[in-house]
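Raw contents of start22.txt, compact mmCIF, N, CA and C atoms:
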```
# COMPACT_ATOMS: atom_id res chain seq x y z
N MET A 1 12.11 15.37 5.74
CA MET A 1 12.07 13.92 5.55
C MET A 1 13.33 13.52 4.78
N THR A 2 13.98 12.47 5.25
CA THR A 2 15.19 12.00 4.59
C THR A 2 14.86 11.38 3.24
N THR A 3 15.86 11.22 2.41
CA THR A 3 15.68 10.57 1.11
C THR A 3 15.18 9.15 1.30
N GLU A 4 15.71 8.47 2.30
CA GLU A 4 15.31 7.10 2.60
C GLU A 4 13.83 7.03 3.00
N ALA A 5 13.40 7.97 3.83
CA ALA A 5 12.00 8.02 4.25
C ALA A 5 11.09 8.36 3.07
N GLN A 6 11.54 9.26 2.22
CA GLN A 6 10.75 9.61 1.03
C GLN A 6 10.58 8.40 0.11
N GLU A 7 11.63 7.61 -0.02
CA GLU A 7 11.55 6.42 -0.87
C GLU A 7 10.59 5.39 -0.28
N LEU A 8 10.64 5.19 1.03
CA LEU A 8 9.68 4.28 1.67
C LEU A 8 8.26 4.78 1.46
N HIS A 9 8.06 6.07 1.64
CA HIS A 9 6.72 6.65 1.46
C HIS A 9 6.25 6.44 0.02
N ARG A 10 7.14 6.64 -0.94
CA ARG A 10 6.78 6.46 -2.35
C ARG A 10 6.38 5.02 -2.63
N ILE A 11 7.16 4.07 -2.13
CA ILE A 11 6.88 2.65 -2.38
C ILE A 11 5.56 2.24 -1.73
N ILE A 12 5.36 2.66 -0.49
CA ILE A 12 4.15 2.29 0.23
C ILE A 12 2.93 2.92 -0.44
N SER A 13 3.01 4.18 -0.79
CA SER A 13 1.89 4.85 -1.46
C SER A 13 1.57 4.20 -2.80
N ALA A 14 2.60 3.88 -3.56
CA ALA A 14 2.40 3.24 -4.86
C ALA A 14 1.76 1.87 -4.69
N SER A 15 2.16 1.12 -3.66
CA SER A 15 1.58 -0.20 -3.42
C SER A 15 0.09 -0.10 -3.11
N VAL A 16 -0.28 0.87 -2.28
CA VAL A 16 -1.69 1.05 -1.92
C VAL A 16 -2.49 1.48 -3.14
N ARG A 17 -1.99 2.44 -3.87
CA ARG A 17 -2.74 2.92 -5.04
C ARG A 17 -2.88 1.83 -6.11
N ASP A 18 -1.83 1.06 -6.31
CA ASP A 18 -1.89 -0.05 -7.26
C ASP A 18 -2.92 -1.09 -6.80
N MET A 19 -2.94 -1.37 -5.50
CA MET A 19 -3.91 -2.32 -4.96
C MET A 19 -5.34 -1.83 -5.21
N LEU A 20 -5.60 -0.56 -4.91
CA LEU A 20 -6.95 -0.02 -5.10
C LEU A 20 -7.34 0.00 -6.57
N ASP A 21 -6.41 0.39 -7.44
CA ASP A 21 -6.70 0.40 -8.88
C ASP A 21 -7.01 -1.01 -9.38
N THR A 22 -6.22 -1.98 -8.95
CA THR A 22 -6.44 -3.36 -9.38
C THR A 22 -7.79 -3.86 -8.90
N TYR A 23 -8.13 -3.56 -7.66
CA TYR A 23 -9.43 -3.97 -7.12
C TYR A 23 -10.57 -3.34 -7.92
N ARG A 24 -10.47 -2.05 -8.18
CA ARG A 24 -11.53 -1.36 -8.92
C ARG A 24 -11.71 -1.93 -10.32
N ILE A 25 -10.59 -2.23 -10.97
CA ILE A 25 -10.66 -2.80 -12.33
C ILE A 25 -11.34 -4.16 -12.29
N GLN A 26 -10.95 -5.00 -11.33
CA GLN A 26 -11.56 -6.33 -11.24
C GLN A 26 -13.03 -6.24 -10.84
N ALA A 27 -13.37 -5.27 -9.99
CA ALA A 27 -14.76 -5.12 -9.53
C ALA A 27 -15.69 -4.66 -10.66
N GLN A 28 -15.14 -4.01 -11.67
CA GLN A 28 -15.96 -3.57 -12.80
C GLN A 28 -16.55 -4.77 -13.54
N ALA A 29 -15.85 -5.88 -13.52
CA ALA A 29 -16.31 -7.08 -14.22
C ALA A 29 -17.29 -7.89 -13.39
N GLY A 30 -17.48 -7.52 -12.14
CA GLY A 30 -18.37 -8.26 -11.26
C GLY A 30 -17.73 -8.43 -9.90
N PRO A 31 -18.38 -9.21 -9.05
CA PRO A 31 -17.84 -9.40 -7.69
C PRO A 31 -16.41 -9.95 -7.72
N VAL A 32 -15.59 -9.42 -6.82
CA VAL A 32 -14.20 -9.88 -6.70
C VAL A 32 -14.20 -11.10 -5.77
N THR A 33 -13.67 -12.20 -6.26
CA THR A 33 -13.65 -13.42 -5.46
C THR A 33 -12.67 -13.29 -4.29
N ALA A 34 -12.84 -14.15 -3.31
CA ALA A 34 -11.93 -14.15 -2.16
C ALA A 34 -10.50 -14.44 -2.61
N LYS A 35 -10.35 -15.33 -3.57
CA LYS A 35 -9.02 -15.66 -4.08
C LYS A 35 -8.38 -14.46 -4.77
N ALA A 36 -9.16 -13.76 -5.58
CA ALA A 36 -8.64 -12.58 -6.29
C ALA A 36 -8.27 -11.49 -5.29
N LEU A 37 -9.10 -11.30 -4.27
CA LEU A 37 -8.80 -10.30 -3.24
C LEU A 37 -7.52 -10.65 -2.51
N GLU A 38 -7.34 -11.92 -2.18
CA GLU A 38 -6.12 -12.36 -1.49
C GLU A 38 -4.89 -12.09 -2.36
N GLU A 39 -5.00 -12.33 -3.66
CA GLU A 39 -3.88 -12.06 -4.57
C GLU A 39 -3.56 -10.57 -4.65
N ILE A 40 -4.60 -9.74 -4.67
CA ILE A 40 -4.41 -8.29 -4.72
C ILE A 40 -3.70 -7.83 -3.45
N LEU A 41 -4.17 -8.30 -2.30
CA LEU A 41 -3.56 -7.92 -1.02
C LEU A 41 -2.14 -8.43 -0.90
N PHE A 42 -1.91 -9.66 -1.35
CA PHE A 42 -0.55 -10.23 -1.28
C PHE A 42 0.41 -9.39 -2.10
N ARG A 43 0.00 -9.03 -3.28
CA ARG A 43 0.87 -8.24 -4.17
C ARG A 43 1.22 -6.90 -3.53
N ALA A 44 0.22 -6.24 -2.93
CA ALA A 44 0.47 -4.94 -2.29
C ALA A 44 1.36 -5.11 -1.06
N ALA A 45 1.07 -6.11 -0.26
CA ALA A 45 1.86 -6.34 0.95
C ALA A 45 3.31 -6.71 0.61
N HIS A 46 3.48 -7.46 -0.46
CA HIS A 46 4.82 -7.89 -0.85
C HIS A 46 5.72 -6.68 -1.11
N GLY A 47 5.20 -5.68 -1.82
CA GLY A 47 5.98 -4.48 -2.10
C GLY A 47 6.39 -3.75 -0.83
N VAL A 48 5.46 -3.67 0.11
CA VAL A 48 5.74 -2.98 1.37
C VAL A 48 6.77 -3.76 2.17
N VAL A 49 6.57 -5.07 2.29
CA VAL A 49 7.49 -5.91 3.06
C VAL A 49 8.89 -5.87 2.45
N GLN A 50 8.97 -5.93 1.13
CA GLN A 50 10.28 -5.90 0.47
C GLN A 50 10.99 -4.57 0.69
N SER A 51 10.23 -3.49 0.79
CA SER A 51 10.86 -2.19 1.01
C SER A 51 11.47 -2.10 2.41
N LEU A 52 10.98 -2.92 3.34
CA LEU A 52 11.51 -2.92 4.71
C LEU A 52 12.57 -4.00 4.93
N ALA A 53 12.73 -4.89 3.98
CA ALA A 53 13.64 -6.03 4.14
C ALA A 53 15.09 -5.63 4.47
N PRO A 54 15.63 -4.55 3.91
CA PRO A 54 17.02 -4.22 4.21
C PRO A 54 17.28 -3.80 5.66
N TYR A 55 16.23 -3.47 6.39
CA TYR A 55 16.41 -2.99 7.76
C TYR A 55 16.50 -4.15 8.75
N PRO A 56 17.28 -3.97 9.81
CA PRO A 56 17.33 -5.00 10.86
C PRO A 56 15.95 -5.12 11.53
N GLY A 57 15.70 -6.27 12.13
CA GLY A 57 14.41 -6.55 12.74
C GLY A 57 13.93 -5.47 13.71
N GLU A 58 14.80 -5.00 14.57
CA GLU A 58 14.41 -3.96 15.55
C GLU A 58 13.97 -2.68 14.85
N GLN A 59 14.64 -2.35 13.79
CA GLN A 59 14.29 -1.12 13.07
C GLN A 59 12.96 -1.30 12.34
N ARG A 60 12.73 -2.49 11.77
CA ARG A 60 11.43 -2.75 11.12
C ARG A 60 10.29 -2.61 12.13
N VAL A 61 10.50 -3.14 13.33
CA VAL A 61 9.48 -3.03 14.38
C VAL A 61 9.24 -1.57 14.72
N ALA A 62 10.32 -0.80 14.83
CA ALA A 62 10.19 0.63 15.15
C ALA A 62 9.48 1.40 14.03
N LEU A 63 9.67 0.95 12.79
CA LEU A 63 9.04 1.62 11.64
C LEU A 63 7.56 1.25 11.47
N LEU A 64 7.13 0.17 12.07
CA LEU A 64 5.78 -0.34 11.85
C LEU A 64 4.68 0.70 12.06
N PRO A 65 4.67 1.46 13.15
CA PRO A 65 3.60 2.47 13.29
C PRO A 65 3.58 3.49 12.15
N SER A 66 4.74 3.90 11.69
CA SER A 66 4.80 4.86 10.58
C SER A 66 4.32 4.23 9.28
N VAL A 67 4.66 2.97 9.07
CA VAL A 67 4.22 2.26 7.86
C VAL A 67 2.71 2.13 7.85
N VAL A 68 2.14 1.74 8.98
CA VAL A 68 0.68 1.60 9.07
C VAL A 68 0.02 2.96 8.82
N ARG A 69 0.57 4.01 9.40
CA ARG A 69 0.01 5.35 9.19
C ARG A 69 0.06 5.73 7.71
N MET A 70 1.19 5.45 7.04
CA MET A 70 1.30 5.76 5.61
C MET A 70 0.29 4.97 4.79
N LEU A 71 0.13 3.68 5.12
CA LEU A 71 -0.84 2.85 4.41
C LEU A 71 -2.25 3.43 4.54
N LEU A 72 -2.63 3.75 5.76
CA LEU A 72 -3.98 4.28 6.00
C LEU A 72 -4.17 5.65 5.38
N ALA A 73 -3.16 6.51 5.49
CA ALA A 73 -3.27 7.85 4.90
C ALA A 73 -3.43 7.78 3.38
N THR A 74 -2.65 6.94 2.75
CA THR A 74 -2.74 6.80 1.29
C THR A 74 -4.09 6.24 0.90
N PHE A 75 -4.57 5.25 1.65
CA PHE A 75 -5.88 4.66 1.39
C PHE A 75 -6.97 5.73 1.48
N LEU A 76 -6.96 6.50 2.56
CA LEU A 76 -7.99 7.54 2.74
C LEU A 76 -7.89 8.62 1.67
N GLU A 77 -6.68 9.03 1.33
CA GLU A 77 -6.50 10.04 0.28
C GLU A 77 -7.08 9.55 -1.05
N ASP A 78 -6.82 8.30 -1.38
CA ASP A 78 -7.30 7.75 -2.64
C ASP A 78 -8.82 7.61 -2.64
N VAL A 79 -9.37 7.10 -1.55
CA VAL A 79 -10.82 6.93 -1.45
C VAL A 79 -11.52 8.29 -1.48
N ALA A 80 -10.96 9.26 -0.78
CA ALA A 80 -11.54 10.62 -0.77
C ALA A 80 -11.49 11.25 -2.14
N SER A 81 -10.39 11.09 -2.85
CA SER A 81 -10.29 11.68 -4.18
C SER A 81 -11.23 10.99 -5.16
N ALA A 82 -11.45 9.69 -4.99
CA ALA A 82 -12.39 8.97 -5.84
C ALA A 82 -13.82 9.45 -5.56
N GLY A 83 -14.11 9.74 -4.30
CA GLY A 83 -15.44 10.23 -3.94
C GLY A 83 -15.71 11.61 -4.52
N ARG A 84 -14.69 12.46 -4.58
CA ARG A 84 -14.86 13.79 -5.16
C ARG A 84 -15.03 13.72 -6.67
N ALA A 85 -14.49 12.69 -7.29
CA ALA A 85 -14.55 12.56 -8.75
C ALA A 85 -15.94 12.15 -9.23
N ARG A 86 -16.74 11.65 -8.31
CA ARG A 86 -18.08 11.16 -8.71
C ARG A 86 -19.02 12.27 -8.99
```
Represent the structure of the file as structure tokens.
Amino acid sequence: MTTEAQELHRIISASVRDMLDTYRIQAQAGPVTAKALEEILFRAAHGVVQSLAPYPGEQRVALLPSVVRMLLATFLEDVASAGRAR
């Protein structure tokens, strides 16, 4: 994996983990409102979108399947590790 790809992976993984941590913290206080959820998602998406901003449009489109895969993989890894911790 190139240094550039590693950096994208790091940013995307950090965005997902930060999103999940923020959600869990807010959920401890009670139900998370739709507005709070939208803010959590926006913040996570913003980091991912900004990491792709330097690339030309065609390259961003080509990267999209890999980005989605990284998002889902990080989400599943985090959820699975939280399940084992219980």
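Among the candidates A:Phe75, A:Arg60, A:Thr33, A:Arg69, the residue lying nearest to Val16 of chain A is A:Phe75 (atoms considered: all atoms listed in the file).
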(request) Between A:Ala5, A:Ile12, A:Met19, A:Ala27, single out the one closest to Leu71 of chain A, counting all atoms listed in the file. (result) A:Ile12
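You will find atom CA of Ala36 of chain A at 8.7 Å from atom CA of Tyr23 of chain A.
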(message) Just to confirm, what's the straight-line distance from atom C of Ser15 of chain A to atom CA of Gly30 of chain A in Å (one decimal)?
(response) 21.8 Å
Could I get the residues of segment 2-61 of chain A with an atom no further than 10 Å from an atom of segment 76-85 of chain A, each paired with its nearest atom pair and that distance in Å to one decimal, using only C-alpha atoms, sorted by chain and residue number, as a Markdown table?
```
| residue | atom | partner | partner_atom | distance |
| --- | --- | --- | --- | --- |
| A:Ser13 | CA | A:Asp78 | CA | 9.7 |
| A:Val16 | CA | A:Asp78 | CA | 8.8 |
| A:Arg17 | CA | A:Asp78 | CA | 7.1 |
| A:Leu20 | CA | A:Asp78 | CA | 8.2 |
| A:Asp21 | CA | A:Asp78 | CA | 9.7 |
```
Selection above as a file: N, CA and C atoms, as a PDB file, in the coordinates of the input:
```
ATOM      1  N   SER A  13       3.010   4.180  -0.790  1.00  0.00           N
ATOM      2  CA  SER A  13       1.890   4.850  -1.460  1.00  0.00           C
ATOM      3  C   SER A  13       1.570   4.200  -2.800  1.00  0.00           C
ATOM      4  N   VAL A  16      -0.280   0.870  -2.280  1.00  0.00           N
ATOM      5  CA  VAL A  16      -1.690   1.050  -1.920  1.00  0.00           C
ATOM      6  C   VAL A  16      -2.490   1.480  -3.140  1.00  0.00           C
ATOM      7  N   ARG A  17      -1.990   2.440  -3.870  1.00  0.00           N
ATOM      8  CA  ARG A  17      -2.740   2.920  -5.040  1.00  0.00           C
ATOM      9  C   ARG A  17      -2.880   1.830  -6.110  1.00  0.00           C
ATOM     10  N   LEU A  20      -5.600  -0.560  -4.910  1.00  0.00           N
ATOM     11  CA  LEU A  20      -6.950  -0.020  -5.100  1.00  0.00           C
ATOM     12  C   LEU A  20      -7.340   0.000  -6.570  1.00  0.00           C
ATOM     13  N   ASP A  21      -6.410   0.390  -7.440  1.00  0.00           N
ATOM     14  CA  ASP A  21      -6.700   0.400  -8.880  1.00  0.00           C
ATOM     15  C   ASP A  21      -7.010  -1.010  -9.380  1.00  0.00           C
TER      16      ASP A  21
END
```
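Of the residues in segment 29-58 of chain A, those given helix (DSSP H, G or I) by DSSP on the backbone are Ala34, Lys35, Ala36, Leu37, Glu38, Glu39, Ile40, Leu41, Phe42, Arg43, Ala44, Ala45, His46, Gly47, Val48, Val49, Gln50, Ser51, Leu52, Gly57 and Glu58 of chain A.
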(message) Can you measure atom CA of Ile25 of chain A to atom CA of Glu39 of chain A for me? One decimal in Å is fine.
(response) 13.9 Å
